[in-house]
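A.B. asks: File name start_34.txt; file contents compact mmCIF, C-alpha atoms; full text below.
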# COMPACT_ATOMS: atom_id res chain seq x y z
CA MET D 175 3.10 -11.56 43.75
CA THR D 176 2.74 -12.98 40.24
CA GLU D 177 5.82 -14.87 39.10
CA ILE D 178 8.43 -12.41 37.82
CA ALA D 179 8.28 -13.72 34.25
CA TRP D 180 4.63 -12.71 33.89
CA LEU D 181 4.73 -9.28 35.53
CA SER D 182 3.76 -6.38 33.32
CA ALA D 183 5.97 -3.34 32.80
CA LYS D 184 3.61 -1.38 35.05
CA GLU D 185 3.80 -4.02 37.79
CA LEU D 186 7.60 -4.17 37.58
CA GLY D 187 7.85 -0.40 37.95
CA ALA D 188 5.63 -0.47 41.05
CA ALA D 189 7.62 -3.35 42.55
CA TYR D 190 10.90 -1.47 42.04
CA ARG D 191 9.60 1.66 43.68
CA ASN D 192 8.16 -0.07 46.75
CA GLY D 193 11.25 -2.21 47.23
CA GLU D 194 9.67 -5.60 46.47
CA LEU D 195 11.97 -6.25 43.50
CA SER D 196 15.11 -4.89 41.91
CA PRO D 197 16.09 -4.74 38.22
CA VAL D 198 19.04 -7.06 38.90
CA ILE D 199 16.81 -9.75 40.41
CA VAL D 200 14.35 -9.44 37.53
CA VAL D 201 16.97 -9.57 34.78
CA GLN D 202 18.76 -12.53 36.36
CA HIS D 203 15.45 -14.38 36.70
CA LEU D 204 14.64 -13.77 33.03
CA LEU D 205 18.13 -14.78 31.91
CA ASP D 206 17.79 -18.05 33.83
CA ARG D 207 14.37 -18.64 32.24
CA ILE D 208 15.69 -17.88 28.76
CA SER D 209 18.63 -20.24 29.29
CA ARG D 210 16.24 -23.03 30.28
CA LEU D 211 13.48 -22.55 27.69
CA ASP D 212 14.88 -20.77 24.65
CA PRO D 213 16.73 -23.78 23.19
CA GLU D 214 13.23 -25.08 22.33
CA LEU D 215 11.91 -21.74 21.01
CA ASN D 216 14.85 -19.96 19.29
CA VAL D 217 13.67 -16.49 20.31
CA PHE D 218 17.10 -14.88 20.72
CA ILE D 219 19.66 -14.39 17.98
CA HIS D 220 21.95 -12.51 20.37
CA LEU D 221 21.29 -12.52 24.11
CA ASP D 222 23.36 -9.77 25.72
CA ALA D 223 23.42 -11.25 29.22
CA ASN D 224 26.40 -9.27 30.52
CA GLY D 225 25.15 -6.02 29.03
CA ALA D 226 21.67 -6.56 30.44
CA LEU D 227 23.02 -7.18 33.95
CA GLN D 228 25.19 -4.08 33.68
CA GLN D 229 22.16 -2.01 32.66
CA ALA D 230 20.16 -3.56 35.52
CA ARG D 231 22.80 -2.62 38.10
CA GLN D 232 22.82 0.94 36.79
CA ALA D 233 19.01 1.14 36.91
CA GLU D 234 18.97 -0.29 40.43
CA THR D 235 21.45 2.32 41.63
CA GLU D 236 19.62 5.16 39.93
CA ILE D 237 16.22 4.17 41.35
CA ALA D 238 17.70 3.79 44.84
CA ASN D 239 19.23 7.26 44.57
CA GLY D 240 15.98 8.87 43.43
CA HIS D 241 17.02 9.30 39.82
CA ASP D 242 13.83 8.02 38.21
CA ARG D 243 13.88 7.96 34.40
CA GLY D 244 10.20 7.13 34.09
CA LEU D 245 7.83 4.20 33.93
CA LEU D 246 10.18 2.04 31.81
CA HIS D 247 13.10 2.42 34.19
CA GLY D 248 14.58 -1.05 34.79
CA VAL D 249 12.05 -2.81 32.52
CA PRO D 250 13.55 -5.43 30.14
CA ILE D 251 12.75 -5.41 26.42
CA GLY D 252 13.56 -7.54 23.37
CA ILE D 253 14.51 -5.87 20.08
CA LYS D 254 13.78 -7.31 16.63
CA ASP D 255 17.01 -7.97 14.78
CA ILE D 256 16.47 -5.45 12.02
CA ILE D 257 16.62 -2.58 14.54
CA ASP D 258 20.06 -1.25 15.46
CA VAL D 259 21.34 -1.49 19.04
CA ALA D 260 24.79 0.04 19.42
CA GLY D 261 27.47 -2.59 19.95
CA LEU D 262 25.21 -5.54 19.11
CA PRO D 263 24.85 -7.38 15.80
CA THR D 264 22.15 -6.40 13.34
CA THR D 265 22.01 -9.50 11.16
CA CYS D 266 18.41 -9.32 9.91
CA HIS D 267 18.49 -13.11 10.55
CA SER D 268 20.66 -13.49 7.43
CA ALA D 269 24.09 -14.76 6.41
CA VAL D 270 24.32 -11.61 4.30
CA LEU D 271 24.84 -9.41 7.40
CA ARG D 272 26.49 -11.92 9.72
CA GLY D 273 29.07 -10.03 11.77
CA ASN D 274 27.48 -6.63 11.13
CA ILE D 275 27.77 -4.65 14.39
CA ALA D 276 25.57 -1.57 14.82
CA GLN D 277 27.54 1.60 15.48
CA LYS D 278 24.70 3.53 17.07
CA ASP D 279 21.22 2.99 18.43
CA ALA D 280 18.16 3.32 16.25
CA GLU D 281 16.18 6.36 17.35
CA ALA D 282 13.50 4.15 18.89
CA VAL D 283 16.15 2.31 20.94
CA ALA D 284 17.73 5.60 22.00
CA ARG D 285 14.35 6.71 23.36
CA LEU D 286 14.03 3.44 25.27
CA ARG D 287 17.49 3.86 26.77
CA ALA D 288 16.73 7.42 27.79
CA GLY D 289 13.66 6.06 29.59
CA GLY D 290 15.79 3.51 31.44
CA ALA D 291 14.62 0.36 29.62
CA ILE D 292 17.00 -2.62 29.70
CA ILE D 293 17.91 -4.10 26.32
CA LEU D 294 18.11 -7.88 26.73
CA GLY D 295 19.27 -8.52 23.18
CA LYS D 296 18.23 -9.10 19.59
CA VAL D 297 15.41 -11.47 18.75
CA ALA D 298 14.48 -13.55 15.72
CA THR D 299 12.86 -12.21 12.58
CA HIS D 300 12.16 -13.54 9.13
CA GLU D 301 15.20 -12.91 6.94
CA PHE D 302 15.21 -9.18 6.12
CA ALA D 303 11.61 -9.18 7.46
CA ILE D 304 10.37 -11.07 4.40
CA GLY D 305 11.87 -14.59 4.08
CA GLY D 306 10.57 -17.00 6.67
CA PRO D 307 10.14 -19.07 8.61
CA SER D 308 13.31 -20.51 7.04
CA PHE D 309 15.45 -23.49 7.96
CA ASP D 310 18.40 -22.68 5.66
CA LEU D 311 19.70 -19.63 7.56
CA PRO D 312 22.49 -19.21 10.15
CA PHE D 313 19.87 -19.07 12.91
CA PRO D 314 16.82 -21.33 13.34
CA PRO D 315 13.33 -19.83 13.12
CA ALA D 316 11.49 -18.89 16.30
CA ARG D 317 8.68 -21.21 17.37
CA ASN D 318 5.27 -20.61 18.91
CA PRO D 319 5.21 -21.07 22.72
CA TRP D 320 1.58 -22.27 22.56
CA ASN D 321 2.79 -25.21 20.48
CA ARG D 322 6.41 -25.28 19.35
CA GLU D 323 5.44 -27.25 16.24
CA HIS D 324 3.47 -24.21 15.08
CA HIS D 325 4.44 -20.95 13.41
CA PRO D 326 4.72 -17.89 15.71
CA GLY D 327 3.82 -15.48 12.91
CA GLY D 328 6.20 -13.06 11.32
CA SER D 329 8.19 -11.26 10.56
CA SER D 330 8.52 -10.05 14.18
CA SER D 331 8.50 -13.70 15.23
CA GLY D 332 10.95 -13.51 18.12
CA SER D 333 9.17 -10.48 19.58
CA GLY D 334 5.81 -12.27 19.70
CA ALA D 335 7.21 -15.61 20.84
CA GLY D 336 9.41 -14.05 23.53
CA LEU D 337 6.47 -12.17 25.04
CA ALA D 338 4.30 -15.30 25.06
CA ALA D 339 7.12 -17.32 26.63
CA GLY D 340 7.63 -14.86 29.51
CA PHE D 341 11.13 -13.83 28.38
CA PHE D 342 10.43 -10.08 28.52
CA PRO D 343 7.37 -7.88 29.17
CA LEU D 344 7.98 -5.53 26.23
CA ALA D 345 9.27 -5.88 22.67
CA LEU D 346 9.87 -3.89 19.51
CA GLY D 347 8.81 -5.21 16.14
CA THR D 348 8.29 -3.80 12.67
CA ASP D 349 5.24 -4.00 10.41
CA THR D 350 5.24 -3.71 6.61
CA GLY D 351 2.28 -5.91 5.74
CA GLY D 352 1.25 -6.97 9.23
CA SER D 353 4.54 -8.10 10.78
CA VAL D 354 3.74 -6.82 14.29
CA ARG D 355 0.09 -7.88 14.26
CA ASN D 356 0.74 -11.32 12.75
CA PRO D 357 2.97 -12.63 15.59
CA ALA D 358 0.92 -10.74 18.17
CA GLY D 359 -2.16 -12.59 16.98
CA ALA D 360 -0.45 -15.95 16.55
CA CYS D 361 1.15 -15.80 20.00
CA GLY D 362 -1.76 -14.28 21.93
CA VAL D 363 -0.13 -10.94 22.82
CA VAL D 364 -0.80 -7.30 21.89
CA GLY D 365 0.80 -5.51 18.96
CA LEU D 366 0.29 -1.94 17.73
CA LYS D 367 1.00 -0.60 14.26
CA ALA D 368 0.80 3.12 14.84
CA SER D 369 0.01 5.73 12.20
CA TYR D 370 2.59 5.90 9.42
CA GLU D 371 5.81 7.63 10.56
CA LYS D 372 4.44 8.16 14.07
CA ILE D 373 7.40 6.17 15.43
CA SER D 374 10.82 6.88 13.94
CA ARG D 375 12.30 4.32 11.53
CA THR D 376 15.81 5.80 11.71
CA GLY D 377 18.24 2.95 12.34
CA VAL D 378 15.83 0.25 11.14
CA TYR D 379 16.84 -1.88 8.15
CA PRO D 380 14.22 -1.04 5.51
CA LEU D 381 11.99 -3.35 3.52
CA SER D 382 9.54 -0.88 1.96
CA GLY D 383 9.85 2.79 2.80
CA THR D 384 6.24 3.38 1.81
CA LEU D 385 4.82 0.68 4.09
CA ASP D 386 7.32 0.13 6.96
CA HIS D 387 6.29 0.90 10.54
CA VAL D 388 7.96 0.30 13.92
CA GLY D 389 5.56 -1.20 16.44
CA PRO D 390 5.40 -1.69 20.23
CA MET D 391 4.40 -5.13 21.54
CA ALA D 392 3.54 -6.41 25.02
CA ARG D 393 1.26 -8.83 26.86
CA HIS D 394 -1.08 -6.05 28.03
CA VAL D 395 -2.68 -3.07 26.31
CA GLU D 396 -1.57 -0.66 29.02
CA ASP D 397 2.05 -1.70 28.50
CA VAL D 398 1.73 -1.19 24.74
CA SER D 399 0.28 2.26 25.44
CA LEU D 400 3.17 3.09 27.77
CA LEU D 401 5.74 1.91 25.26
CA PHE D 402 4.03 3.88 22.49
CA ASP D 403 4.13 7.04 24.61
CA VAL D 404 7.86 6.66 25.25
CA LEU D 405 8.62 5.93 21.59
CA THR D 406 6.67 8.99 20.43
CA GLY D 407 7.99 11.32 23.14
CA ALA D 408 4.70 11.92 24.92
CA PRO D 409 5.42 14.38 27.76
CA GLN D 410 3.41 12.41 30.33
CA PRO D 411 2.51 8.78 29.60
CA THR D 412 -1.06 8.07 30.64
CA PRO D 413 -2.99 4.78 30.75
CA PRO D 414 -5.80 4.41 28.21
CA ASN D 415 -9.33 5.31 29.22
CA ARG D 416 -11.50 2.16 29.40
CA ASP D 417 -14.89 3.83 29.01
CA ILE D 418 -16.35 2.95 25.60
CA LYS D 419 -19.99 3.88 26.18
CA GLY D 420 -21.26 5.41 22.95
CA LEU D 421 -18.09 4.56 21.00
CA ARG D 422 -19.15 3.80 17.42
CA ILE D 423 -17.51 0.60 16.19
CA GLY D 424 -17.82 -0.45 12.55
CA PHE D 425 -17.59 -4.23 12.18
CA VAL D 426 -16.05 -5.12 8.79
CA ARG D 427 -17.61 -8.57 8.54
CA SER D 428 -17.11 -8.58 4.77
CA PHE D 429 -13.37 -9.14 5.22
CA HIS D 430 -13.83 -12.57 6.82
CA GLU D 431 -17.24 -13.55 5.44
CA ARG D 432 -17.10 -12.44 1.79
CA ASP D 433 -13.55 -11.50 0.76
CA MET D 434 -12.07 -14.52 2.53
CA VAL D 435 -13.76 -17.25 4.50
CA ALA D 436 -12.40 -17.41 8.03
CA GLY D 437 -12.47 -20.68 9.93
CA PRO D 438 -15.39 -21.37 12.28
CA ASP D 439 -13.35 -20.74 15.43
CA THR D 440 -12.25 -17.33 14.15
CA ARG D 441 -15.76 -16.33 13.07
CA ALA D 442 -17.21 -17.34 16.44
CA ALA D 443 -14.50 -15.46 18.35
CA LEU D 444 -15.08 -12.28 16.34
CA GLU D 445 -18.84 -12.41 16.88
CA ALA D 446 -18.32 -12.96 20.61
CA ALA D 447 -15.94 -9.99 20.73
CA ALA D 448 -18.47 -7.75 18.97
CA ASP D 449 -21.13 -8.83 21.47
CA THR D 450 -18.77 -8.06 24.36
CA LEU D 451 -18.08 -4.55 23.07
CA LEU D 452 -21.80 -4.03 22.53
CA GLY D 453 -22.46 -5.14 26.10
CA MET D 454 -19.98 -2.54 27.37
CA GLY D 455 -21.99 0.26 25.79
CA ALA D 456 -20.34 0.59 22.39
CA VAL D 457 -22.52 1.01 19.31
CA VAL D 458 -21.57 -1.80 16.91
CA THR D 459 -22.77 -1.65 13.30
CA ASP D 460 -21.70 -3.34 10.07
CA ILE D 461 -19.60 -1.28 7.69
CA GLU D 462 -18.12 -1.95 4.25
CA LEU D 463 -14.58 -1.30 3.02
CA PRO D 464 -13.07 -2.06 -0.39
CA PRO D 465 -12.38 -5.78 -0.84
CA LEU D 466 -9.22 -7.30 0.61
CA HIS D 467 -8.11 -8.29 -2.88
CA ASP D 468 -7.72 -4.62 -3.87
CA PHE D 469 -5.48 -3.94 -0.87
CA ALA D 470 -3.45 -7.13 -1.46
CA VAL D 471 -2.67 -6.28 -5.09
CA VAL D 472 -1.57 -2.76 -4.16
CA SER D 473 0.54 -4.03 -1.27
CA ARG D 474 2.48 -6.48 -3.46
CA ALA D 475 2.94 -3.93 -6.26
CA ILE D 476 4.51 -1.45 -3.82
CA LEU D 477 6.34 -3.68 -1.34
CA THR D 478 8.14 -6.02 -3.73
CA PRO D 479 9.77 -3.45 -6.08
CA GLU D 480 10.80 -1.29 -3.13
CA ALA D 481 12.36 -4.34 -1.47
CA TRP D 482 14.09 -5.29 -4.73
CA ALA D 483 15.53 -1.77 -4.99
CA ILE D 484 17.23 -2.40 -1.63
CA HIS D 485 18.39 -5.96 -2.29
CA GLY D 486 18.73 -6.20 -6.08
CA ASP D 487 22.48 -5.48 -6.39
CA ARG D 488 23.37 -7.90 -3.61
CA MET D 489 20.98 -10.55 -4.88
CA ARG D 490 22.62 -10.41 -8.32
CA ALA D 491 26.11 -10.61 -6.85
CA THR D 492 25.65 -13.18 -4.07
CA PRO D 493 22.22 -14.83 -4.29
CA GLU D 494 23.50 -17.88 -2.42
CA LYS D 495 23.85 -15.85 0.78
CA TYR D 496 20.07 -15.44 0.96
CA GLY D 497 17.71 -18.16 2.14
CA LYS D 498 15.36 -19.79 -0.36
CA LEU D 499 12.22 -18.00 0.84
CA ALA D 500 13.84 -14.56 0.85
CA ARG D 501 15.21 -15.09 -2.67
CA ARG D 502 11.83 -16.23 -3.92
CA ARG D 503 9.90 -13.34 -2.37
CA LEU D 504 12.41 -10.61 -3.19
CA MET D 505 12.80 -11.60 -6.85
CA VAL D 506 9.14 -10.85 -7.51
CA GLY D 507 10.01 -7.17 -7.26
CA ALA D 508 12.38 -7.39 -10.21
CA PHE D 509 9.41 -8.04 -12.50
CA ILE D 510 7.06 -5.27 -11.34
CA THR D 511 6.95 -2.60 -14.04
CA ALA D 512 7.18 1.12 -13.39
CA GLU D 513 3.66 1.41 -14.79
CA SER D 514 2.36 -1.09 -12.21
CA TYR D 515 4.18 0.67 -9.39
CA VAL D 516 2.80 4.09 -10.33
CA TRP D 517 -0.70 2.61 -10.66
CA ALA D 518 -0.35 1.03 -7.20
CA THR D 519 0.71 4.27 -5.52
CA ALA D 520 -2.27 6.08 -7.07
CA MET D 521 -4.60 3.26 -6.02
CA ALA D 522 -3.17 3.37 -2.49
CA ALA D 523 -4.18 7.03 -2.22
CA ARG D 524 -7.73 6.17 -3.29
CA LEU D 525 -7.97 3.28 -0.81
CA LYS D 526 -6.75 5.60 1.93
CA GLU D 527 -9.55 8.02 1.13
CA GLU D 528 -12.10 5.18 1.21
CA VAL D 529 -10.96 4.22 4.73
CA ASN D 530 -10.91 7.85 5.81
CA ARG D 531 -14.53 8.18 4.68
CA ALA D 532 -15.50 5.19 6.81
CA PHE D 533 -14.56 7.20 9.86
CA ASP D 534 -17.21 9.78 9.02
CA SER D 535 -19.77 7.34 10.46
CA VAL D 536 -17.77 5.33 13.02
CA ASP D 537 -14.97 5.96 15.51
CA VAL D 538 -13.17 2.60 15.31
CA LEU D 539 -13.15 -0.37 12.92
CA LEU D 540 -13.26 -3.99 14.07
CA THR D 541 -11.85 -6.66 11.74
CA ALA D 542 -10.31 -10.09 11.72
CA ASN D 543 -6.53 -10.33 12.06
CA ALA D 544 -5.70 -13.75 10.58
CA MET D 545 -8.43 -15.88 9.09
CA ASN D 546 -7.17 -18.95 10.96
CA PRO D 547 -4.90 -19.70 13.93
CA ALA D 548 -1.21 -20.38 13.37
CA CYS D 549 -0.44 -23.48 11.31
CA ARG D 550 2.44 -25.92 11.68
CA ILE D 551 5.86 -24.36 11.14
CA ASP D 552 6.94 -27.15 8.79
CA ASP D 553 3.88 -26.92 6.52
CA GLU D 554 5.20 -24.75 3.67
CA GLU D 555 1.91 -24.70 1.76
CA ALA D 556 -0.15 -23.68 4.79
CA ILE D 557 2.35 -20.96 5.70
CA ALA D 558 2.33 -19.62 2.14
CA ARG D 559 -1.47 -19.45 2.26
CA SER D 560 -1.47 -17.77 5.66
CA TYR D 561 0.47 -14.81 4.31
CA PHE D 562 -2.50 -14.00 2.09
CA GLU D 563 -5.33 -15.05 4.42
CA HIS D 564 -5.46 -12.04 6.70
CA ALA D 565 -6.76 -8.47 6.99
CA ARG D 566 -3.61 -6.64 8.11
CA ALA D 567 -2.04 -5.20 4.94
CA PRO D 568 -4.83 -2.67 4.22
CA PHE D 569 -3.71 -0.47 7.06
CA ASN D 570 -0.06 -0.40 6.04
CA ILE D 571 -1.25 0.93 2.70
CA THR D 572 -3.50 3.57 4.28
CA GLY D 573 -1.27 4.33 7.27
CA HIS D 574 -4.08 4.07 9.82
CA PRO D 575 -3.26 2.83 13.34
CA ALA D 576 -4.21 -0.78 14.01
CA ILE D 577 -3.89 -2.98 17.09
CA SER D 578 -4.09 -6.76 17.45
CA ILE D 579 -5.44 -8.29 20.65
CA MET D 580 -6.32 -11.87 21.54
CA CYS D 581 -10.02 -12.70 21.45
CA GLY D 582 -10.20 -16.47 21.75
CA LEU D 583 -8.66 -19.93 21.55
CA SER D 584 -9.22 -22.41 18.77
CA GLN D 585 -10.28 -25.98 19.38
CA GLN D 586 -6.57 -26.84 19.07
CA ARG D 587 -5.84 -24.31 21.87
CA MET D 588 -4.11 -21.79 19.61
CA PRO D 589 -4.71 -18.02 19.96
CA ILE D 590 -7.22 -16.11 17.82
CA ALA D 591 -7.00 -12.32 17.51
CA LEU D 592 -9.02 -9.35 16.33
CA GLN D 593 -7.92 -5.98 15.01
CA LEU D 594 -9.11 -2.51 15.98
CA ILE D 595 -8.34 0.32 13.56
CA GLY D 596 -8.62 4.03 14.20
CA PRO D 597 -8.54 7.30 12.26
CA LEU D 598 -5.12 8.67 11.40
CA GLU D 599 -3.22 9.85 14.51
CA ARG D 600 -5.95 8.49 16.83
CA GLU D 601 -4.09 5.69 18.54
CA ASP D 602 -5.86 6.77 21.71
CA LEU D 603 -9.19 5.49 20.37
CA ILE D 604 -8.01 1.99 19.55
CA LEU D 605 -5.99 1.73 22.77
CA ARG D 606 -9.13 2.75 24.65
CA ALA D 607 -11.29 0.12 22.94
CA ALA D 608 -8.62 -2.57 23.30
CA ALA D 609 -8.07 -1.80 26.98
CA ALA D 610 -11.81 -1.91 27.62
CA TYR D 611 -12.14 -5.27 25.87
CA GLU D 612 -9.10 -6.68 27.68
CA SER D 613 -10.49 -5.62 31.07
CA VAL D 614 -13.60 -7.81 30.81
CA THR D 615 -12.19 -10.85 29.01
CA PRO D 616 -9.87 -13.62 30.25
CA TRP D 617 -7.43 -13.74 27.36
CA SER D 618 -4.60 -11.53 28.65
CA ALA D 619 -4.24 -13.72 31.75
CA MET D 620 -3.80 -16.92 29.73
CA ARG D 621 -0.37 -18.47 29.32
CA PRO D 622 0.91 -21.17 26.95
CA PRO D 623 0.61 -24.39 28.96
CA ALA D 624 4.24 -25.42 28.43
CA MET D 625 5.46 -21.98 29.57
CA GLN D 626 3.89 -22.01 33.05
For the file at hand, write its structure as structure tokens.

C.D. replies:
Amino acid sequence: MTEIAWLSAKELGAAYRNGELSPVIVVQHLLDRISRLDPELNVFIHLDANGALQQARQAETEIANGHDRGLLHGVPIGIKDIIDVAGLPTTCHSAVLRGNIAQKDAEAVARLRAGGAIILGKVATHEFAIGGPSFDLPFPPARNPWNREHHPGGSSSGSGAGLAAGFFPLALGTDTGGSVRNPAGACGVVGLKASYEKISRTGVYPLSGTLDHVGPMARHVEDVSLLFDVLTGAPQPTPPNRDIKGLRIGFVRSFHERDMVAGPDTRAALEAAADTLLGMGAVVTDIELPPLHDFAVVSRAILTPEAWAIHGDRMRATPEKYGKLARRRLMVGAFITAESYVWATAMAARLKEEVNRAFDSVDVLLTANAMNPACRIDDEEAIARSYFEHARAPFNITGHPAISIMCGLSQQRMPIALQLIGPLEREDLILRAAAAYESVTPWSAMRPPAMQ
């Protein structure tokens, strides 16, 4: 059997039901691994070891007695620390909310509990999902397991890093401008931003109500699909179909060739991925979307004033409680005029229609995720650039489902990822294409060398 740390949610469920493993053994193994490795990675803000073992004992008893809650029963999961878990802190990685204990579960967490998932604890984020990676906060920033000197992406940084480190097989993140797909890509795992409001945001600390999404993350597409089904209340979770013969895929090369210039490793990986999909029977053609600049301007003009509306009073009263990066990024919203905001919301509707029209001729879009692999975590200029050098924000604006999946390694042995985007409410199409691609490529089996 594969080492416990690298088993998928599906494999864990099978091992529980045939008696090869128990939830208690799995959770204790992961806790031991976290204790040994996390001091170098800073994934957990609050590790609920006692609570996780208690949940594991309950799951073990229930499974033994034939009370099966479903395919997540006994499967551990990490929760981004802007999502409420009853009885645990929700700090948003900030001194502002230090000591804030959630009184009830977020709806997404309640669905996980009902399905028998085991909450291991709360994992790192950028401060309030916007300010990071920061070194002036009560908790250190998470680091990339592929190279701890590098950025793991954000803002769902602990979710991506914890998956890549083998700390849990499933995670919850959130995505306002790419914050699930950024760490998924940087850490070589899978992250799904579903259609807008497909997964409940109740009990999630907001950043931008217009753009926020909750997103499932895992090391395998089938696990992401399973988690998505549980979070959306699908009556019978089913694995994605891997047959993509005849699937029409529109390759948006203009994003990484014209609008921004991706690095040579990223360009080569994307071309190889398109060739792989073509070889599996998909029909791959070039397609144009509005330039990334248009999406970026609209994203900033909506996100920053909505974030300022949430934080403005507190920022005026106690700015010193925020980290430098959060202060800098949040204050931009104070200077966005009402005219600019109204223009941006109207422009967002037009951009959404442009993307909708693209699906008249194709079934799925293929784009870059980041233009380059993750940079060093201490390189402030490179990190600042990286938050503009990507193709993720368009689909927060339009609300279309988008998934990130690894498609290569750079010459420095850092993950490279692609995105697949589907029509509204058609997560099944991008899960199908991602699962097909994953099944014939080696990337999902790769592990960060130091995490073996």

A.B. asks: What gap, in Å, lies between CA of Pro319 in chain D and CA of Phe302 in chain D?

C.D. replies: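 According to the coordinates, CA of Pro319 in chain D and CA of Phe302 in chain D are separated by 22.7 Å.
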
A.B. asks: Go through D:Leu499, D:Met625, D:Ala475, D:Ala442 one by one, measure the shortest atom-to-atom distance of each to Ile208 in chain D using only C-alpha atoms, and give the residue with the smallest value.

C.D. replies: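 Looking only at the distances to Ile208 in chain D, the closest residue turns out to be D:Met625.
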
A.B. asks: Pick from D:Thr492, D:Ser613, D:Thr478, D:Asn239: nearest to Ser382 in chain D, with only C-alpha atoms counted?

C.D. replies: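 Between D:Thr492, D:Ser613, D:Thr478, D:Asn239, the residue approaching Ser382 in chain D most closely is D:Thr478.
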
A.B. asks: Go through D:Asn546, D:Ser473, D:Ile418, D:Arg441 and flag the residue nearest Met454 in chain D, using all atoms listed in the file for the distances.

C.D. replies: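 Closest to Met454 in chain D, using all atoms listed in the file: D:Ile418.
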
A.B. asks: How many Å separate CA of Gly187 in chain D from CA of Ser578 in chain D?

C.D. replies: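 The value is 24.6 Å.
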
A.B. asks: Go through D:Arg503, D:His387, D:Asp222, D:Gln277 one by one, measure the shortest atom-to-atom distance of each to Ala558 in chain D using all atoms listed in the file, and give the residue with the smallest value.

C.D. replies: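 Among the listed residues, the smallest separation from Ala558 in chain D belongs to D:Arg503.
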
A.B. asks: With range 389-393 of chain D as the partner and 12 Å as the cut-off, tabulate the residues of range 260-304 of chain D that qualify, each row holding the nearest pair of atoms and their distance in Å to one decimal, using all atoms listed in the file, sorted by chain and rising number, as a tab-separated table.

C.D. replies:
residue	atom	partner	partner_atom	distance
D:Ala282	CA	D:Gly389	CA	9.9
D:Val283	CA	D:Pro390	CA	11.5
D:Leu286	CA	D:Pro390	CA	11.2

A.B. asks: Can I get the residues of range 503-582 of chain D within 9 Å of range 427-430 of chain D, each with the closest pair of atoms and their distance in Å to one decimal, using only C-alpha atoms, sorted chain first then ascending number, as CSV?

C.D. replies:
residue,atom,partner,partner_atom,distance
D:Leu540,CA,D:Arg427,CA,8.4
D:Thr541,CA,D:Arg427,CA,6.9
D:Ala542,CA,D:His430,CA,6.5
D:Met545,CA,D:His430,CA,6.7
D:His564,CA,D:His430,CA,8.4
D:Ala565,CA,D:Phe429,CA,6.9

A.B. asks: Go ahead and write the selection's residues with C-alpha atoms as a PDB file, keeping the file's coordinate frame.

C.D. replies:
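The result, written out as result38.pdb:
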ATOM      1  CA  LEU D 540     -13.260  -3.990  14.070  1.00  0.00           C
ATOM      2  CA  THR D 541     -11.850  -6.660  11.740  1.00  0.00           C
ATOM      3  CA  ALA D 542     -10.310 -10.090  11.720  1.00  0.00           C
ATOM      4  CA  MET D 545      -8.430 -15.880   9.090  1.00  0.00           C
ATOM      5  CA  HIS D 564      -5.460 -12.040   6.700  1.00  0.00           C
ATOM      6  CA  ALA D 565      -6.760  -8.470   6.990  1.00  0.00           C
TER       7      ALA D 565
END

A.B. asks: Could you tell me which of D:Arg207, D:Arg502, D:Lys278, D:Arg474 comes closest to Gly336 in chain D if we count only C-alpha atoms?

C.D. replies: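 Using only C-alpha atoms, Gly336 in chain D sits closest to D:Arg207.
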